[in-house]
Amino acid sequence: MAQIPTVTLNDGVALPRVGFGVFQVSPEEATEAVSTALDAGYRTFDTASVYGNEEGVGKAIVSSEVARSDIFLITKVWNDDQGYDETLRACEASLERLGVEYVDQYLIHWPRPKLDRYVDTWKALVRLVSDGRVRSIGVSNFAPENIRRLVDETGVVPAVNQVELHPGFPQTELRSFHEGLGITTQAWSPLGRGQGFLGHPVVGAIARAHDRTPAQVALRWHVQLGVVALPKSVTPERIRSNIGIFDFELTEPEMAQLTDIGTDFRVGPDPALFFDMS
Ligand code: A2P
């Protein structure tokens, strides 16, 4: 079984360098997929209240033989629950659904700058750490200006920012902004939802050269960039093979070729537009 190395976050908490995502997975499927992933060696599980599957994820974690302390559980406060008191309540509700005493990481799912409550929401996350309900806090889909504001107004730097990131959308500028503040980048949809860039000839050629799958090449690219990828799959064979990425290395030219595929393969909403809708 794969042993996944960890990265130490800016708050001292250790995060495995690859995890498992469950976006658009039903609660029943989530229990099944998370159990398979635990058996395969995954220890990080990324859900969100809006995914509607926290119960399913929690069930697999609670019934597993793997110690709770060896598992890194991430969930997120949804847009409608932003605000100090609302967020404290939303976290309690998530813990209840998950069936756990604490989560390892709690993230603000989207900044919603027009609502202008993300600073209060962030203050609630800081409180949740001191209350022992959460070990580490971060954000998701935040732009540099949103992060700067959190730091200016609270002095607390997020441990992570979880954003869409894969070879077809490499987020080069954002990654370097994160590095400047010691923020670890987490990648949602690191496989581009299994479409688009995975079929790119450059990915195919590199995969053949290493006798690996295109998904393994993409996930290895994340690891070598220092990005924590959270691939989703409900297919046992893929769940197992996707973490077989710690026994080969991409060369520098291969890394550069992958990063240069282009930025045309975005699969999720642009936060700049989602701000208006949310
Ligand atoms: P499935 O869940 O049916 O196995 P992302 O993590 O980028 O959002 O991608 C998730 C999508 O990619 C899912 O549709 C998943 O399908 C698919 N997927 C997961 N692993 C692989 C793989 N190794 N090869 C191809 N597609 C994959």
# chains A, B, ... in the order shown; residues from 1 in each chain; ligands from 1
>>> residues_around(residues="Gly138 of chain A", least_positions_apart="3", cutoff="10 Å", atoms="only C-alpha atoms", output="PyMOL selection string")
chain A and resi 74+76+105-109+122+125-126+142+147+156-162+183-184
>>> residues_near_ligand(ligand="ligand 1", cutoff="7 Å", atoms="only C-alpha atoms and all ligand atoms", output="ChimeraX atom specification")
/A:21,188-194,213-216,230-235,238-239,241-242
>>> write_last_selection(atoms="N, CA, C and O atoms", output="compact mmCIF listing (two decimals), in the first residue's frame")
# COMPACT_ATOMS: atom_id res chain seq x y z
N GLY A 21 -10.98 13.63 -3.56
CA GLY A 21 -12.12 14.54 -3.63
C GLY A 21 -13.42 13.79 -3.88
O GLY A 21 -13.42 12.71 -4.48
N TRP A 188 -8.31 21.51 -6.80
CA TRP A 188 -9.53 20.75 -7.09
C TRP A 188 -9.59 20.50 -8.60
O TRP A 188 -8.99 21.22 -9.38
N SER A 189 -10.27 19.42 -8.96
CA SER A 189 -10.28 18.94 -10.35
C SER A 189 -8.87 18.86 -10.94
O SER A 189 -8.61 19.39 -12.03
N PRO A 190 -7.96 18.17 -10.24
CA PRO A 190 -6.58 18.08 -10.76
C PRO A 190 -6.48 17.26 -12.05
O PRO A 190 -5.47 17.31 -12.73
N LEU A 191 -7.57 16.51 -12.34
CA LEU A 191 -7.60 15.74 -13.58
C LEU A 191 -8.46 16.43 -14.64
O LEU A 191 -8.82 15.83 -15.65
N GLY A 192 -8.83 17.68 -14.38
CA GLY A 192 -9.69 18.39 -15.34
C GLY A 192 -11.01 17.66 -15.54
O GLY A 192 -11.57 17.65 -16.63
N ARG A 193 -11.49 17.05 -14.46
CA ARG A 193 -12.74 16.25 -14.48
C ARG A 193 -12.68 15.10 -15.49
O ARG A 193 -13.71 14.65 -16.00
N GLY A 194 -11.47 14.65 -15.80
CA GLY A 194 -11.31 13.48 -16.65
C GLY A 194 -11.53 13.77 -18.13
O GLY A 194 -11.56 12.86 -18.96
N THR A 213 -0.23 6.13 -16.52
CA THR A 213 -1.45 6.66 -17.14
C THR A 213 -1.34 8.19 -17.22
O THR A 213 -0.58 8.82 -16.45
N PRO A 214 -2.12 8.82 -18.12
CA PRO A 214 -2.14 10.29 -18.16
C PRO A 214 -2.50 10.88 -16.79
O PRO A 214 -1.93 11.90 -16.38
N ALA A 215 -3.41 10.25 -16.06
CA ALA A 215 -3.79 10.78 -14.74
C ALA A 215 -2.60 10.73 -13.78
O ALA A 215 -2.36 11.68 -13.02
N GLN A 216 -1.83 9.64 -13.81
CA GLN A 216 -0.66 9.56 -12.92
C GLN A 216 0.36 10.66 -13.27
O GLN A 216 0.97 11.25 -12.38
N LEU A 230 -6.33 16.81 -5.21
CA LEU A 230 -7.45 16.10 -4.59
C LEU A 230 -8.29 15.44 -5.67
O LEU A 230 -9.43 15.85 -5.93
N PRO A 231 -7.74 14.42 -6.36
CA PRO A 231 -8.49 13.79 -7.45
C PRO A 231 -9.71 13.04 -6.96
O PRO A 231 -9.70 12.48 -5.86
N LYS A 232 -10.75 13.06 -7.79
CA LYS A 232 -11.99 12.34 -7.47
C LYS A 232 -12.12 11.14 -8.40
O LYS A 232 -11.80 11.23 -9.60
N SER A 233 -12.56 10.02 -7.85
CA SER A 233 -12.97 8.90 -8.69
C SER A 233 -13.89 8.00 -7.89
O SER A 233 -13.74 7.89 -6.68
N VAL A 234 -14.84 7.39 -8.58
CA VAL A 234 -15.66 6.37 -7.93
C VAL A 234 -15.33 4.99 -8.50
O VAL A 234 -16.02 4.02 -8.22
N THR A 235 -14.27 4.92 -9.29
CA THR A 235 -13.88 3.67 -9.94
C THR A 235 -12.71 3.05 -9.19
O THR A 235 -11.62 3.64 -9.15
N ARG A 238 -9.22 3.06 -10.73
CA ARG A 238 -8.63 4.42 -10.84
C ARG A 238 -8.24 4.96 -9.47
O ARG A 238 -7.20 5.62 -9.33
N ILE A 239 -9.09 4.71 -8.47
CA ILE A 239 -8.77 5.19 -7.11
C ILE A 239 -7.38 4.65 -6.72
O ILE A 239 -6.53 5.40 -6.24
N SER A 241 -4.93 3.34 -8.77
CA SER A 241 -3.79 3.71 -9.63
C SER A 241 -3.45 5.19 -9.49
O SER A 241 -2.28 5.57 -9.63
N ASN A 242 -4.44 6.04 -9.18
CA ASN A 242 -4.15 7.48 -9.14
C ASN A 242 -3.13 7.88 -8.07
O ASN A 242 -2.51 8.94 -8.19
>>> closest_residue(among="A:Phe197, A:Tyr118, A:Phe23, A:Trp78", to="Thr263 of chain A", atoms="only C-alpha atoms")
A:Phe197
>>> closest_residue(among="A:Val7, A:Ile71, A:Ala90, A:Val25", to="Asn53 of chain A", atoms="only C-alpha atoms")
A:Val25
>>> select_by_dssp(residues="segment 25-213 of chain A", states="alpha helix (DSSP H)", output="mmCIF file with N, CA and C atoms, in the first residue's frame")
data_model
loop_
_atom_site.group_PDB
_atom_site.id
_atom_site.type_symbol
_atom_site.label_atom_id
_atom_site.label_comp_id
_atom_site.auth_asym_id
_atom_site.auth_seq_id
_atom_site.Cartn_x
_atom_site.Cartn_y
_atom_site.Cartn_z
ATOM 1 N N PRO A 27 -24.098 10.425 -1.315
ATOM 2 C CA PRO A 27 -23.635 9.949 -0.003
ATOM 3 C C PRO A 27 -23.305 8.454 -0.010
ATOM 4 N N GLU A 28 -24.129 7.649 -0.683
ATOM 5 C CA GLU A 28 -23.888 6.193 -0.706
ATOM 6 C C GLU A 28 -22.588 5.886 -1.450
ATOM 7 N N GLU A 29 -22.436 6.518 -2.624
ATOM 8 C CA GLU A 29 -21.200 6.314 -3.399
ATOM 9 C C GLU A 29 -19.988 6.822 -2.633
ATOM 10 N N ALA A 30 -20.191 7.911 -1.866
ATOM 11 C CA ALA A 30 -19.061 8.489 -1.121
ATOM 12 C C ALA A 30 -18.559 7.499 -0.072
ATOM 13 N N THR A 31 -19.475 6.816 0.616
ATOM 14 C CA THR A 31 -19.055 5.834 1.618
ATOM 15 C C THR A 31 -18.207 4.749 0.960
ATOM 16 N N GLU A 32 -18.684 4.288 -0.161
ATOM 17 C CA GLU A 32 -17.998 3.233 -0.906
ATOM 18 C C GLU A 32 -16.614 3.706 -1.399
ATOM 19 N N ALA A 33 -16.615 4.885 -2.027
ATOM 20 C CA ALA A 33 -15.366 5.392 -2.617
ATOM 21 C C ALA A 33 -14.334 5.721 -1.540
ATOM 22 N N VAL A 34 -14.783 6.334 -0.429
ATOM 23 C CA VAL A 34 -13.838 6.693 0.640
ATOM 24 C C VAL A 34 -13.283 5.429 1.296
ATOM 25 N N SER A 35 -14.128 4.396 1.449
ATOM 26 C CA SER A 35 -13.637 3.128 2.022
ATOM 27 C C SER A 35 -12.577 2.513 1.109
ATOM 28 N N THR A 36 -12.851 2.518 -0.197
ATOM 29 C CA THR A 36 -11.873 1.984 -1.161
ATOM 30 C C THR A 36 -10.586 2.800 -1.101
ATOM 31 N N ALA A 37 -10.741 4.108 -1.014
ATOM 32 C CA ALA A 37 -9.566 4.990 -0.983
ATOM 33 C C ALA A 37 -8.752 4.778 0.297
ATOM 34 N N LEU A 38 -9.433 4.595 1.431
ATOM 35 C CA LEU A 38 -8.707 4.318 2.687
ATOM 36 C C LEU A 38 -7.892 3.035 2.543
ATOM 37 N N ASP A 39 -8.504 2.001 1.953
ATOM 38 C CA ASP A 39 -7.784 0.732 1.759
ATOM 39 C C ASP A 39 -6.591 0.907 0.824
ATOM 40 N N ALA A 40 -6.741 1.819 -0.138
ATOM 41 C CA ALA A 40 -5.659 2.041 -1.107
ATOM 42 C C ALA A 40 -4.529 2.890 -0.530
ATOM 43 N N GLU A 54 -21.578 14.731 3.263
ATOM 44 C CA GLU A 54 -20.756 14.638 4.482
ATOM 45 C C GLU A 54 -21.097 13.381 5.295
ATOM 46 N N GLU A 55 -22.399 13.043 5.362
ATOM 47 C CA GLU A 55 -22.775 11.830 6.116
ATOM 48 C C GLU A 55 -22.082 10.605 5.537
ATOM 49 N N GLY A 56 -22.096 10.525 4.211
ATOM 50 C CA GLY A 56 -21.512 9.362 3.536
ATOM 51 C C GLY A 56 -20.009 9.275 3.751
ATOM 52 N N VAL A 57 -19.331 10.410 3.687
ATOM 53 C CA VAL A 57 -17.879 10.444 3.905
ATOM 54 C C VAL A 57 -17.580 10.058 5.357
ATOM 55 N N GLY A 58 -18.336 10.663 6.291
ATOM 56 C CA GLY A 58 -18.105 10.407 7.703
ATOM 57 C C GLY A 58 -18.306 8.942 8.071
ATOM 58 N N LYS A 59 -19.310 8.348 7.453
ATOM 59 C CA LYS A 59 -19.611 6.941 7.738
ATOM 60 C C LYS A 59 -18.395 6.060 7.422
ATOM 61 N N ALA A 60 -17.777 6.302 6.284
ATOM 62 C CA ALA A 60 -16.608 5.508 5.890
ATOM 63 C C ALA A 60 -15.451 5.743 6.858
ATOM 64 N N ILE A 61 -15.288 6.982 7.296
ATOM 65 C CA ILE A 61 -14.166 7.319 8.186
ATOM 66 C C ILE A 61 -14.376 6.715 9.570
ATOM 67 N N VAL A 62 -15.584 6.874 10.083
ATOM 68 C CA VAL A 62 -15.874 6.399 11.436
ATOM 69 C C VAL A 62 -15.813 4.869 11.509
ATOM 70 N N SER A 63 -16.236 4.202 10.427
ATOM 71 C CA SER A 63 -16.260 2.730 10.478
ATOM 72 C C SER A 63 -14.928 2.107 10.051
ATOM 73 N N TYR A 84 -19.980 35.555 11.017
ATOM 74 C CA TYR A 84 -19.328 34.958 12.188
ATOM 75 C C TYR A 84 -20.191 33.871 12.857
ATOM 76 N N ASP A 85 -21.368 34.234 13.318
ATOM 77 C CA ASP A 85 -22.202 33.261 14.039
ATOM 78 C C ASP A 85 -22.690 32.154 13.118
ATOM 79 N N GLU A 86 -23.023 32.535 11.893
ATOM 80 C CA GLU A 86 -23.515 31.559 10.922
ATOM 81 C C GLU A 86 -22.466 30.484 10.674
ATOM 82 N N THR A 87 -21.220 30.910 10.578
ATOM 83 C CA THR A 87 -20.136 29.965 10.293
ATOM 84 C C THR A 87 -19.892 29.032 11.471
ATOM 85 N N LEU A 88 -19.946 29.586 12.692
ATOM 86 C CA LEU A 88 -19.784 28.716 13.867
ATOM 87 C C LEU A 88 -20.867 27.636 13.862
ATOM 88 N N ARG A 89 -22.092 28.036 13.520
ATOM 89 C CA ARG A 89 -23.198 27.064 13.477
ATOM 90 C C ARG A 89 -23.007 26.070 12.336
ATOM 91 N N ALA A 90 -22.552 26.570 11.181
ATOM 92 C CA ALA A 90 -22.369 25.697 10.006
ATOM 93 C C ALA A 90 -21.312 24.633 10.287
ATOM 94 N N CYS A 91 -20.271 25.021 11.016
ATOM 95 C CA CYS A 91 -19.225 24.046 11.331
ATOM 96 C C CYS A 91 -19.774 22.967 12.252
ATOM 97 N N GLU A 92 -20.537 23.375 13.260
ATOM 98 C CA GLU A 92 -21.131 22.373 14.160
ATOM 99 C C GLU A 92 -22.021 21.412 13.376
ATOM 100 N N ALA A 93 -22.781 21.953 12.426
ATOM 101 C CA ALA A 93 -23.675 21.105 11.631
ATOM 102 C C ALA A 93 -22.867 20.132 10.769
ATOM 103 N N SER A 94 -21.746 20.596 10.225
ATOM 104 C CA SER A 94 -20.891 19.700 9.435
ATOM 105 C C SER A 94 -20.306 18.590 10.302
ATOM 106 N N LEU A 95 -19.839 18.978 11.509
ATOM 107 C CA LEU A 95 -19.262 17.970 12.413
ATOM 108 C C LEU A 95 -20.310 16.912 12.758
ATOM 109 N N GLU A 96 -21.520 17.389 12.973
ATOM 110 C CA GLU A 96 -22.627 16.486 13.294
ATOM 111 C C GLU A 96 -22.864 15.509 12.137
ATOM 112 N N ARG A 97 -22.947 16.050 10.918
ATOM 113 C CA ARG A 97 -23.207 15.177 9.758
ATOM 114 C C ARG A 97 -22.054 14.201 9.527
ATOM 115 N N LEU A 98 -20.840 14.689 9.750
ATOM 116 C CA LEU A 98 -19.662 13.826 9.543
ATOM 117 C C LEU A 98 -19.534 12.788 10.660
ATOM 118 N N TYR A 118 -16.536 37.754 4.132
ATOM 119 C CA TYR A 118 -15.519 36.710 4.272
ATOM 120 C C TYR A 118 -14.515 37.008 5.385
ATOM 121 N N VAL A 119 -14.356 38.279 5.772
ATOM 122 C CA VAL A 119 -13.434 38.566 6.885
ATOM 123 C C VAL A 119 -14.055 38.082 8.206
ATOM 124 N N ASP A 120 -15.354 38.343 8.394
ATOM 125 C CA ASP A 120 -16.037 37.837 9.606
ATOM 126 C C ASP A 120 -16.053 36.313 9.625
ATOM 127 N N THR A 121 -16.251 35.740 8.444
ATOM 128 C CA THR A 121 -16.245 34.279 8.333
ATOM 129 C C THR A 121 -14.876 33.744 8.755
ATOM 130 N N TRP A 122 -13.831 34.439 8.293
ATOM 131 C CA TRP A 122 -12.454 34.037 8.628
ATOM 132 C C TRP A 122 -12.211 34.121 10.143
ATOM 133 N N LYS A 123 -12.750 35.170 10.763
ATOM 134 C CA LYS A 123 -12.586 35.309 12.223
ATOM 135 C C LYS A 123 -13.251 34.133 12.947
ATOM 136 N N ALA A 124 -14.360 33.665 12.400
ATOM 137 C CA ALA A 124 -15.029 32.499 13.004
ATOM 138 C C ALA A 124 -14.140 31.258 12.856
ATOM 139 N N LEU A 125 -13.477 31.130 11.714
ATOM 140 C CA LEU A 125 -12.580 29.977 11.527
ATOM 141 C C LEU A 125 -11.432 30.017 12.543
ATOM 142 N N VAL A 126 -10.902 31.216 12.785
ATOM 143 C CA VAL A 126 -9.818 31.366 13.776
ATOM 144 C C VAL A 126 -10.325 30.908 15.151
ATOM 145 N N ARG A 127 -11.551 31.310 15.468
ATOM 146 C CA ARG A 127 -12.156 30.906 16.749
ATOM 147 C C ARG A 127 -12.324 29.376 16.817
ATOM 148 N N LEU A 128 -12.721 28.769 15.700
ATOM 149 C CA LEU A 128 -12.937 27.318 15.693
ATOM 150 C C LEU A 128 -11.646 26.552 15.978
ATOM 151 N N VAL A 129 -10.514 27.123 15.577
ATOM 152 C CA VAL A 129 -9.224 26.489 15.903
ATOM 153 C C VAL A 129 -9.011 26.556 17.412
ATOM 154 N N SER A 130 -9.254 27.739 18.003
ATOM 155 C CA SER A 130 -9.002 27.833 19.454
ATOM 156 C C SER A 130 -10.012 27.007 20.243
ATOM 157 N N PRO A 144 -5.846 36.791 -5.045
ATOM 158 C CA PRO A 144 -4.847 37.434 -4.181
ATOM 159 C C PRO A 144 -5.415 38.602 -3.358
ATOM 160 N N GLU A 145 -6.282 39.427 -3.968
ATOM 161 C CA GLU A 145 -6.780 40.584 -3.196
ATOM 162 C C GLU A 145 -7.643 40.152 -2.015
ATOM 163 N N ASN A 146 -8.364 39.046 -2.154
ATOM 164 C CA ASN A 146 -9.177 38.552 -1.026
ATOM 165 C C ASN A 146 -8.262 38.069 0.097
ATOM 166 N N ILE A 147 -7.190 37.388 -0.263
ATOM 167 C CA ILE A 147 -6.257 36.859 0.745
ATOM 168 C C ILE A 147 -5.529 38.006 1.448
ATOM 169 N N ARG A 148 -5.113 38.991 0.650
ATOM 170 C CA ARG A 148 -4.412 40.137 1.256
ATOM 171 C C ARG A 148 -5.288 40.796 2.311
ATOM 172 N N ARG A 149 -6.560 40.912 2.005
ATOM 173 C CA ARG A 149 -7.480 41.544 2.954
ATOM 174 C C ARG A 149 -7.600 40.738 4.249
ATOM 175 N N LEU A 150 -7.676 39.429 4.140
ATOM 176 C CA LEU A 150 -7.722 38.600 5.357
ATOM 177 C C LEU A 150 -6.497 38.844 6.223
ATOM 178 N N VAL A 151 -5.349 38.868 5.560
ATOM 179 C CA VAL A 151 -4.092 39.018 6.305
ATOM 180 C C VAL A 151 -4.026 40.416 6.927
ATOM 181 N N ASP A 152 -4.395 41.438 6.141
ATOM 182 C CA ASP A 152 -4.342 42.815 6.658
ATOM 183 C C ASP A 152 -5.274 42.995 7.852
ATOM 184 N N GLU A 153 -6.458 42.408 7.786
ATOM 185 C CA GLU A 153 -7.460 42.694 8.814
ATOM 186 C C GLU A 153 -7.427 41.745 10.015
ATOM 187 N N THR A 154 -6.780 40.585 9.851
ATOM 188 C CA THR A 154 -6.769 39.635 10.987
ATOM 189 C C THR A 154 -5.361 39.195 11.374
ATOM 190 N N THR A 172 -0.094 29.657 -12.714
ATOM 191 C CA THR A 172 1.306 29.967 -12.405
ATOM 192 C C THR A 172 1.441 31.214 -11.513
ATOM 193 N N GLU A 173 0.715 32.275 -11.838
ATOM 194 C CA GLU A 173 0.848 33.516 -11.043
ATOM 195 C C GLU A 173 0.318 33.338 -9.627
ATOM 196 N N LEU A 174 -0.820 32.660 -9.524
ATOM 197 C CA LEU A 174 -1.412 32.453 -8.195
ATOM 198 C C LEU A 174 -0.490 31.597 -7.331
ATOM 199 N N ARG A 175 0.120 30.577 -7.948
ATOM 200 C CA ARG A 175 1.039 29.728 -7.168
ATOM 201 C C ARG A 175 2.187 30.555 -6.626
ATOM 202 N N SER A 176 2.685 31.464 -7.429
ATOM 203 C CA SER A 176 3.838 32.219 -6.922
ATOM 204 C C SER A 176 3.396 33.230 -5.848
ATOM 205 N N PHE A 177 2.188 33.757 -5.965
ATOM 206 C CA PHE A 177 1.640 34.602 -4.881
ATOM 207 C C PHE A 177 1.550 33.795 -3.576
ATOM 208 N N HIS A 178 1.029 32.573 -3.675
ATOM 209 C CA HIS A 178 0.924 31.710 -2.489
ATOM 210 C C HIS A 178 2.299 31.469 -1.867
ATOM 211 N N GLU A 179 3.267 31.160 -2.731
ATOM 212 C CA GLU A 179 4.625 30.874 -2.213
ATOM 213 C C GLU A 179 5.149 32.046 -1.400
ATOM 214 N N GLY A 180 4.882 33.257 -1.865
ATOM 215 C CA GLY A 180 5.349 34.460 -1.168
ATOM 216 C C GLY A 180 4.809 34.554 0.253
ATOM 217 N N LEU A 181 3.616 33.983 0.491
ATOM 218 C CA LEU A 181 3.005 34.066 1.825
ATOM 219 C C LEU A 181 3.092 32.746 2.583
ATOM 220 N N PRO A 201 -1.938 15.289 -26.538
ATOM 221 C CA PRO A 201 -0.812 14.451 -26.991
ATOM 222 C C PRO A 201 0.454 14.582 -26.146
ATOM 223 N N VAL A 202 0.711 15.753 -25.579
ATOM 224 C CA VAL A 202 1.912 15.928 -24.734
ATOM 225 C C VAL A 202 1.788 15.041 -23.483
ATOM 226 N N VAL A 203 0.613 15.003 -22.904
ATOM 227 C CA VAL A 203 0.391 14.176 -21.710
ATOM 228 C C VAL A 203 0.541 12.704 -22.092
ATOM 229 N N GLY A 204 -0.033 12.344 -23.243
ATOM 230 C CA GLY A 204 0.043 10.957 -23.715
ATOM 231 C C GLY A 204 1.480 10.514 -23.941
ATOM 232 N N ALA A 205 2.275 11.371 -24.557
ATOM 233 C CA ALA A 205 3.671 11.007 -24.866
ATOM 234 C C ALA A 205 4.471 10.821 -23.565
ATOM 235 N N ILE A 206 4.258 11.710 -22.600
ATOM 236 C CA ILE A 206 4.996 11.604 -21.332
ATOM 237 C C ILE A 206 4.538 10.357 -20.572
ATOM 238 N N ALA A 207 3.240 10.080 -20.633
ATOM 239 C CA ALA A 207 2.713 8.876 -19.960
ATOM 240 C C ALA A 207 3.345 7.620 -20.569
ATOM 241 N N ARG A 208 3.439 7.569 -21.887
ATOM 242 C CA ARG A 208 4.051 6.386 -22.535
ATOM 243 C C ARG A 208 5.520 6.266 -22.158
ATOM 244 N N ALA A 209 6.210 7.401 -22.105
ATOM 245 C CA ALA A 209 7.645 7.373 -21.792
ATOM 246 C C ALA A 209 7.898 6.793 -20.398
ATOM 247 N N HIS A 210 6.960 6.978 -19.476
ATOM 248 C CA HIS A 210 7.135 6.473 -18.103
ATOM 249 C C HIS A 210 6.310 5.218 -17.831
#
>>> atom_distance(atom1="atom CA of Val13 of chain A", atom2="atom CA of Phe45 of chain A")
15.5 Å
>>> select_by_dssp(residues="segment 83-203 of chain A", states="strand (DSSP E or B)", output="number ranges by chain")
A: 103-108, 134-140, 160-164, 166, 169, 184-188
>>> atom_distance(atom1="atom CA of Pro111 of chain A", atom2="atom CA of Tyr42 of chain A")
28.5 Å
